[in-house]
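Take a look at the structure set out below.
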Amino acid sequence: DGVCNELEIFGCQDDSADNYNAEATDSGYCEYLGCTDSAYLEYDETADTDDGSCTTLIVGGCTDQNAMNFESSANSTDGSCEYDLIGSDCDVNFETTNTGSNHTIMIPSSLSNTLNVGDQIGVFFIGENGSAICAGSSPWTGQVMQIVAFGDDATTDEVDGLMSGAPLLFLAQSGDDVYTVTATFQSPTMANFSVNGISLVSDFELEIACTVVYLGCTDVNACNYNASANTNDNSCDFPSDNYDCNGVCLNDVDEDGVCNELEIFGCQDDSAD
């Protein structure tokens with residue numbers, strides 16, 4: 001190296017090390033100070049010498065205040081957050097707003113045996129009021145497909161899309177049945193929103209969450225039978241005996257407006273004894 005052996009200066013030549021020696025001519029031991037205990041938030045994987053900077057123990061848990069199981073004492077997210085995505089009466093709205101920023105989720109073909117062509121699947125985020133809002137949706141095709149999920153518009157005060165780093169939460173609906181969808185991605189980093197990001201889904205697990213309730217009379221014999229109702233609300237209205245729903249006799253041979261079963265036979269001549 002052009003430096004006589006007798007003049008060599010051994011020392012750390014890595015300027016990122018804590019004992020870096022700018023005058024060193026031959027590489028020597030480098031020391032990297034920091035927290036070396038991975039149980040602490042301050043843990044530095046590049047450190048090889050503990051400097052006493054470990055002060056905050058990691059407490060795993062859900063750190064998202066919008067989640068049902070938010071843990072105020074947690075300081076490190078462990079992926080355990082659970083969200084109440086479905087509104088009352090099993091109401092799910094798949095309408096979306098284009099905010100100008102987006103993230104594309106690619107879904108391979110034949111991933112679900114539960115959904116039928118034309119069913120809905122979407123990506124949701126938790127709004128400021130705690131309700132689930134659709135950030136992007138698509139009809140199920142059964143083929144290779146994509147969902148474009150829109151991000152928050154930073155120029156507005158309201159949260160109208162997915163924030164950077166927010167989890168991609170899925171819901172699907174087939175007929176009256178609503179499903180929560182657990183997605184597995186090709187990489188764990190693909191499970192969260194990023195502007196212009198791309199996520200590749202490798203698996204879907206669907207679990208039925210509820211069935212949309214349509215109240216009405218479900219008795220086919222009732223006058224007000226509702227074929228679209230799936231939950232009886234005790235509103236059924238039945239005709240009186242011997243009459244149909246329009247108040248007309250079921251049996252009236254002489255067509256006198258008196259049902260056969262209610263006819264009274266007798267003399268109708270008021271001059272007779």
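In the structure tokens, the first chain shown is A, the next is B, and so on; residue numbers restart at 1 for each chain, and ligands run from 1 in the order shown.
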
Q: Can you pull out every residue within 12 Å of Gly142 (chain A), counting only C-alpha atoms, but drop anything in the same chain fewer than 4 positions away, and send it as JSON, numbers by chain?
A: {"A": [107, 108, 109, 110, 111, 112, 113, 114, 115, 116, 117, 118, 119, 120, 121, 138, 146]}

Go ahead and dump the residues you just picked, all heavy atoms, as a short mmCIF file (atom, residue, chain, number, x, y, z; two decimals), in the first residue's frame.
```
data_model
loop_
_atom_site.label_atom_id
_atom_site.label_comp_id
_atom_site.auth_asym_id
_atom_site.auth_seq_id
_atom_site.Cartn_x
_atom_site.Cartn_y
_atom_site.Cartn_z
N ILE A 107 -54.88 -10.32 -8.48
CA ILE A 107 -55.49 -11.54 -7.95
C ILE A 107 -55.45 -12.61 -9.03
O ILE A 107 -55.96 -12.39 -10.14
CB ILE A 107 -56.94 -11.28 -7.52
CG1 ILE A 107 -56.99 -10.16 -6.46
CG2 ILE A 107 -57.60 -12.55 -6.99
CD1 ILE A 107 -58.38 -9.69 -6.13
N PRO A 108 -54.85 -13.77 -8.75
CA PRO A 108 -54.77 -14.83 -9.77
C PRO A 108 -56.12 -15.50 -9.99
O PRO A 108 -57.08 -15.30 -9.23
CB PRO A 108 -53.76 -15.81 -9.17
CG PRO A 108 -53.86 -15.60 -7.69
CD PRO A 108 -54.16 -14.13 -7.50
N SER A 109 -56.21 -16.29 -11.03
CA SER A 109 -57.47 -16.98 -11.36
C SER A 109 -57.72 -18.14 -10.42
O SER A 109 -56.81 -18.68 -9.79
CB SER A 109 -57.42 -17.48 -12.81
OG SER A 109 -56.36 -18.40 -12.97
N SER A 110 -59.00 -18.55 -10.33
CA SER A 110 -59.42 -19.74 -9.58
C SER A 110 -58.91 -19.73 -8.15
O SER A 110 -58.46 -20.75 -7.62
CB SER A 110 -58.94 -21.01 -10.29
OG SER A 110 -59.41 -21.04 -11.61
N LEU A 111 -59.01 -18.57 -7.50
CA LEU A 111 -58.53 -18.47 -6.13
C LEU A 111 -59.61 -18.79 -5.12
O LEU A 111 -59.33 -19.11 -3.97
CB LEU A 111 -58.00 -17.05 -5.88
CG LEU A 111 -56.99 -16.88 -4.75
CD1 LEU A 111 -55.76 -17.72 -5.01
CD2 LEU A 111 -56.58 -15.41 -4.63
N SER A 112 -60.89 -18.71 -5.53
CA SER A 112 -61.99 -18.94 -4.59
C SER A 112 -63.05 -19.83 -5.21
O SER A 112 -63.44 -19.63 -6.36
CB SER A 112 -62.62 -17.60 -4.18
OG SER A 112 -63.83 -17.81 -3.48
N ASN A 113 -63.50 -20.81 -4.44
CA ASN A 113 -64.63 -21.65 -4.85
C ASN A 113 -65.93 -21.13 -4.29
O ASN A 113 -67.00 -21.69 -4.55
CB ASN A 113 -64.40 -23.10 -4.40
CG ASN A 113 -63.22 -23.75 -5.08
OD1 ASN A 113 -62.98 -23.51 -6.26
ND2 ASN A 113 -62.47 -24.56 -4.35
N THR A 114 -65.83 -20.06 -3.49
CA THR A 114 -67.02 -19.53 -2.82
C THR A 114 -67.72 -18.46 -3.66
O THR A 114 -68.94 -18.43 -3.76
CB THR A 114 -66.64 -18.93 -1.46
OG1 THR A 114 -66.00 -19.93 -0.67
CG2 THR A 114 -67.87 -18.42 -0.72
N LEU A 115 -66.93 -17.61 -4.28
CA LEU A 115 -67.49 -16.51 -5.05
C LEU A 115 -67.87 -16.94 -6.45
O LEU A 115 -67.21 -17.79 -7.06
CB LEU A 115 -66.49 -15.35 -5.12
CG LEU A 115 -66.08 -14.73 -3.78
CD1 LEU A 115 -65.04 -13.63 -4.00
CD2 LEU A 115 -67.28 -14.20 -3.03
N ASN A 116 -68.93 -16.34 -6.95
CA ASN A 116 -69.39 -16.60 -8.31
C ASN A 116 -69.09 -15.39 -9.19
O ASN A 116 -68.92 -14.27 -8.70
CB ASN A 116 -70.90 -16.88 -8.31
CG ASN A 116 -71.27 -18.06 -7.43
OD1 ASN A 116 -70.68 -19.14 -7.57
ND2 ASN A 116 -72.23 -17.88 -6.54
N VAL A 117 -69.04 -15.63 -10.48
CA VAL A 117 -68.79 -14.54 -11.42
C VAL A 117 -69.86 -13.47 -11.22
O VAL A 117 -71.07 -13.77 -11.19
CB VAL A 117 -68.80 -15.05 -12.87
CG1 VAL A 117 -68.71 -13.89 -13.85
CG2 VAL A 117 -67.64 -16.02 -13.09
N GLY A 118 -69.42 -12.24 -11.06
CA GLY A 118 -70.35 -11.13 -10.84
C GLY A 118 -70.48 -10.72 -9.39
O GLY A 118 -71.02 -9.64 -9.10
N ASP A 119 -70.03 -11.57 -8.46
CA ASP A 119 -70.03 -11.17 -7.04
C ASP A 119 -69.06 -10.02 -6.83
O ASP A 119 -68.21 -9.73 -7.68
CB ASP A 119 -69.64 -12.36 -6.15
CG ASP A 119 -70.71 -13.43 -6.11
OD1 ASP A 119 -71.86 -13.14 -6.47
OD2 ASP A 119 -70.38 -14.58 -5.72
N GLN A 120 -69.16 -9.36 -5.69
CA GLN A 120 -68.32 -8.20 -5.41
C GLN A 120 -67.22 -8.53 -4.40
O GLN A 120 -67.45 -9.27 -3.44
CB GLN A 120 -69.17 -7.05 -4.86
CG GLN A 120 -70.05 -6.36 -5.89
CD GLN A 120 -69.23 -5.52 -6.85
OE1 GLN A 120 -68.22 -4.92 -6.49
NE2 GLN A 120 -69.67 -5.47 -8.10
N ILE A 121 -66.03 -7.95 -4.63
CA ILE A 121 -64.95 -8.02 -3.66
C ILE A 121 -64.28 -6.66 -3.63
O ILE A 121 -64.15 -5.99 -4.67
CB ILE A 121 -63.94 -9.14 -4.00
CG1 ILE A 121 -62.88 -9.26 -2.89
CG2 ILE A 121 -63.30 -8.91 -5.37
CD1 ILE A 121 -62.03 -10.51 -3.00
N SER A 138 -64.16 -4.57 -7.26
CA SER A 138 -64.30 -5.11 -8.60
C SER A 138 -65.25 -6.30 -8.58
O SER A 138 -65.30 -7.02 -7.57
CB SER A 138 -62.93 -5.56 -9.14
OG SER A 138 -63.06 -6.18 -10.41
N GLN A 146 -57.71 -7.53 -11.17
CA GLN A 146 -57.04 -6.58 -10.30
C GLN A 146 -58.06 -5.67 -9.62
O GLN A 146 -59.16 -5.44 -10.13
CB GLN A 146 -56.04 -5.73 -11.08
CG GLN A 146 -56.67 -4.78 -12.08
CD GLN A 146 -55.62 -3.94 -12.81
OE1 GLN A 146 -54.49 -4.37 -12.99
NE2 GLN A 146 -56.00 -2.75 -13.22
#
```

Q: Mind checking which residues fall within 12 Å of Cys223 (chain A), counting only C-alpha atoms, ignoring those fewer than 4 positions away in the same chain, and posting them as a PyMOL selection string?
A: chain A and resi 216-219+227+235-240+243-247

Output N, CA and C atoms for every residue in the selection just made, as a PDB file, in the first residue's frame.
```
ATOM      1  N   GLY A 216     -89.788  -8.914   5.923  1.00  0.00           N
ATOM      2  CA  GLY A 216     -91.065  -8.983   5.230  1.00  0.00           C
ATOM      3  C   GLY A 216     -91.792 -10.256   5.592  1.00  0.00           C
ATOM      4  N   CYS A 217     -92.924 -10.476   4.948  1.00  0.00           N
ATOM      5  CA  CYS A 217     -93.716 -11.681   5.179  1.00  0.00           C
ATOM      6  C   CYS A 217     -93.161 -12.815   4.322  1.00  0.00           C
ATOM      7  N   THR A 218     -92.780 -13.913   4.968  1.00  0.00           N
ATOM      8  CA  THR A 218     -92.163 -15.027   4.240  1.00  0.00           C
ATOM      9  C   THR A 218     -93.105 -16.222   4.066  1.00  0.00           C
ATOM     10  N   ASP A 219     -94.387 -16.067   4.428  1.00  0.00           N
ATOM     11  CA  ASP A 219     -95.363 -17.152   4.299  1.00  0.00           C
ATOM     12  C   ASP A 219     -96.062 -17.035   2.952  1.00  0.00           C
ATOM     13  N   ALA A 227     -91.547 -12.220  -1.788  1.00  0.00           N
ATOM     14  CA  ALA A 227     -90.609 -13.236  -2.279  1.00  0.00           C
ATOM     15  C   ALA A 227     -89.155 -12.837  -2.038  1.00  0.00           C
ATOM     16  N   SER A 235     -95.397  -9.619   9.788  1.00  0.00           N
ATOM     17  CA  SER A 235     -96.354  -8.691   9.159  1.00  0.00           C
ATOM     18  C   SER A 235     -97.355  -9.422   8.271  1.00  0.00           C
ATOM     19  N   CYS A 236     -97.313 -10.756   8.238  1.00  0.00           N
ATOM     20  CA  CYS A 236     -98.166 -11.515   7.327  1.00  0.00           C
ATOM     21  C   CYS A 236     -99.647 -11.252   7.597  1.00  0.00           C
ATOM     22  N   ASP A 237    -100.362 -11.068   6.500  1.00  0.00           N
ATOM     23  CA  ASP A 237    -101.798 -10.794   6.565  1.00  0.00           C
ATOM     24  C   ASP A 237    -102.530 -11.910   5.811  1.00  0.00           C
ATOM     25  N   PHE A 238    -103.420 -12.615   6.507  1.00  0.00           N
ATOM     26  CA  PHE A 238    -104.104 -13.756   5.900  1.00  0.00           C
ATOM     27  C   PHE A 238    -105.580 -13.431   5.649  1.00  0.00           C
ATOM     28  N   PRO A 239    -106.178 -14.034   4.621  1.00  0.00           N
ATOM     29  CA  PRO A 239    -107.597 -13.777   4.342  1.00  0.00           C
ATOM     30  C   PRO A 239    -108.492 -14.466   5.374  1.00  0.00           C
ATOM     31  N   SER A 240    -109.670 -13.966   5.492  1.00  0.00           N
ATOM     32  CA  SER A 240    -110.642 -14.603   6.385  1.00  0.00           C
ATOM     33  C   SER A 240    -111.055 -15.946   5.794  1.00  0.00           C
ATOM     34  N   TYR A 243    -112.656 -16.823   2.132  1.00  0.00           N
ATOM     35  CA  TYR A 243    -112.422 -15.698   1.207  1.00  0.00           C
ATOM     36  C   TYR A 243    -110.962 -15.702   0.729  1.00  0.00           C
ATOM     37  N   ASP A 244    -110.785 -15.076  -0.462  1.00  0.00           N
ATOM     38  CA  ASP A 244    -109.412 -14.890  -0.923  1.00  0.00           C
ATOM     39  C   ASP A 244    -108.909 -13.535  -0.425  1.00  0.00           C
ATOM     40  N   CYS A 245    -107.705 -13.164  -0.845  1.00  0.00           N
ATOM     41  CA  CYS A 245    -107.092 -11.929  -0.348  1.00  0.00           C
ATOM     42  C   CYS A 245    -107.819 -10.674  -0.825  1.00  0.00           C
ATOM     43  N   ASN A 246    -108.680 -10.830  -1.836  1.00  0.00           N
ATOM     44  CA  ASN A 246    -109.448  -9.678  -2.332  1.00  0.00           C
ATOM     45  C   ASN A 246    -110.852  -9.612  -1.743  1.00  0.00           C
ATOM     46  N   GLY A 247    -111.112 -10.508  -0.767  1.00  0.00           N
ATOM     47  CA  GLY A 247    -112.422 -10.518  -0.132  1.00  0.00           C
ATOM     48  C   GLY A 247    -113.491 -11.193  -0.960  1.00  0.00           C
TER      49      GLY A 247
END
```

**Q.** Leu7 (chain A) surroundings by only C-alpha atoms, 12 Å radius, close-in-sequence under 6 positions cut, as a list in words
**A.**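 Close residues of Leu7 (chain A): Asp1, Glu23, Ala24, Thr25 and Asp26 of chain A.
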
Requested write-out: N, CA and C atoms of the selected residues, as a PDB file, in the first residue's frame:
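The result, written out as result.pdb:
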```
ATOM      1  N   ASP A   1       0.822  -1.215   0.000  1.00  0.00           N
ATOM      2  CA  ASP A   1       0.000   0.000   0.000  1.00  0.00           C
ATOM      3  C   ASP A   1       0.855   1.263   0.000  1.00  0.00           C
ATOM      4  N   GLU A  23      -6.703   8.342  10.378  1.00  0.00           N
ATOM      5  CA  GLU A  23      -5.280   8.241  10.080  1.00  0.00           C
ATOM      6  C   GLU A  23      -4.827   6.803   9.853  1.00  0.00           C
ATOM      7  N   ALA A  24      -5.746   5.861  10.014  1.00  0.00           N
ATOM      8  CA  ALA A  24      -5.382   4.451   9.870  1.00  0.00           C
ATOM      9  C   ALA A  24      -4.995   4.134   8.433  1.00  0.00           C
ATOM     10  N   THR A  25      -3.921   3.354   8.296  1.00  0.00           N
ATOM     11  CA  THR A  25      -3.477   2.924   6.972  1.00  0.00           C
ATOM     12  C   THR A  25      -3.747   1.446   6.733  1.00  0.00           C
ATOM     13  N   ASP A  26      -3.965   0.708   7.802  1.00  0.00           N
ATOM     14  CA  ASP A  26      -4.321  -0.707   7.713  1.00  0.00           C
ATOM     15  C   ASP A  26      -5.581  -0.950   8.547  1.00  0.00           C
TER      16      ASP A  26
END
```

Q: Would you kindly return, as JSON, numbers by chain, each protein, DNA or RNA residue with an atom no farther than 12 Å from any atom of region 98-100 of chain A, considering only C-alpha atoms and excluding same-chain residues fewer than 6 positions away?
A: {"A": [134, 135, 136, 137, 148, 149, 150, 151, 152, 153, 154, 155, 156, 158, 159, 160, 161, 162, 163, 195, 196]}

(Q) Please compute the CA of Ser187 (chain A)-CA of Ile58 (chain A) distance, one decimal, in Å. (A) 24.0 Å

Q.
Considering only C-alpha atoms, can you say which of A:Ser174, A:Ser27, A:Asn234, A:Thr104 comes closest to Ile198 (chain A)?
A.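 The shortest atom-to-atom distance to Ile198 (chain A) comes from A:Thr104.
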
Non-local contacts of Val213 (chain A) (7 Å; only C-alpha atoms; under 5 positions in same chain excluded) as a PDB file with all heavy atoms, in the first residue's frame:
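Result file out-v6.pdb:
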```pdb
ATOM      1  N   ASP A  89     -77.251  -4.433  10.019  1.00  0.00           N
ATOM      2  CA  ASP A  89     -78.057  -5.112   9.000  1.00  0.00           C
ATOM      3  C   ASP A  89     -77.197  -5.697   7.883  1.00  0.00           C
ATOM      4  O   ASP A  89     -77.671  -5.909   6.773  1.00  0.00           O
ATOM      5  CB  ASP A  89     -79.099  -4.159   8.402  1.00  0.00           C
ATOM      6  CG  ASP A  89     -80.091  -3.664   9.442  1.00  0.00           C
ATOM      7  OD1 ASP A  89     -80.389  -4.434  10.382  1.00  0.00           O
ATOM      8  OD2 ASP A  89     -80.545  -2.514   9.340  1.00  0.00           O
ATOM      9  N   ASN A 230     -86.100 -12.491   3.446  1.00  0.00           N
ATOM     10  CA  ASN A 230     -85.490 -13.709   3.987  1.00  0.00           C
ATOM     11  C   ASN A 230     -85.631 -13.799   5.506  1.00  0.00           C
ATOM     12  O   ASN A 230     -85.157 -14.737   6.122  1.00  0.00           O
ATOM     13  CB  ASN A 230     -84.020 -13.817   3.585  1.00  0.00           C
ATOM     14  CG  ASN A 230     -83.191 -12.626   4.060  1.00  0.00           C
ATOM     15  OD1 ASN A 230     -83.595 -11.887   4.945  1.00  0.00           O
ATOM     16  ND2 ASN A 230     -82.026 -12.446   3.458  1.00  0.00           N
ATOM     17  N   THR A 231     -86.285 -12.788   6.089  1.00  0.00           N
ATOM     18  CA  THR A 231     -86.522 -12.769   7.533  1.00  0.00           C
ATOM     19  C   THR A 231     -87.941 -12.308   7.800  1.00  0.00           C
ATOM     20  O   THR A 231     -88.333 -11.192   7.408  1.00  0.00           O
ATOM     21  CB  THR A 231     -85.529 -11.824   8.244  1.00  0.00           C
ATOM     22  OG1 THR A 231     -84.198 -12.245   7.959  1.00  0.00           O
ATOM     23  CG2 THR A 231     -85.750 -11.847   9.749  1.00  0.00           C
TER      24      THR A 231
END
```

Q: Measure the distance from CA of Asn224 (chain A) to CA of Val253 (chain A) in Å and round it to one decimal.
A: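 Separation between CA of Asn224 (chain A) and CA of Val253 (chain A): 27.3 Å.
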
Q. Which of these residues is nearest to Asn75 (chain A), using only C-alpha atoms: A:Gln268, A:Tyr40, A:Leu200, A:Met106?
A. A:Tyr40
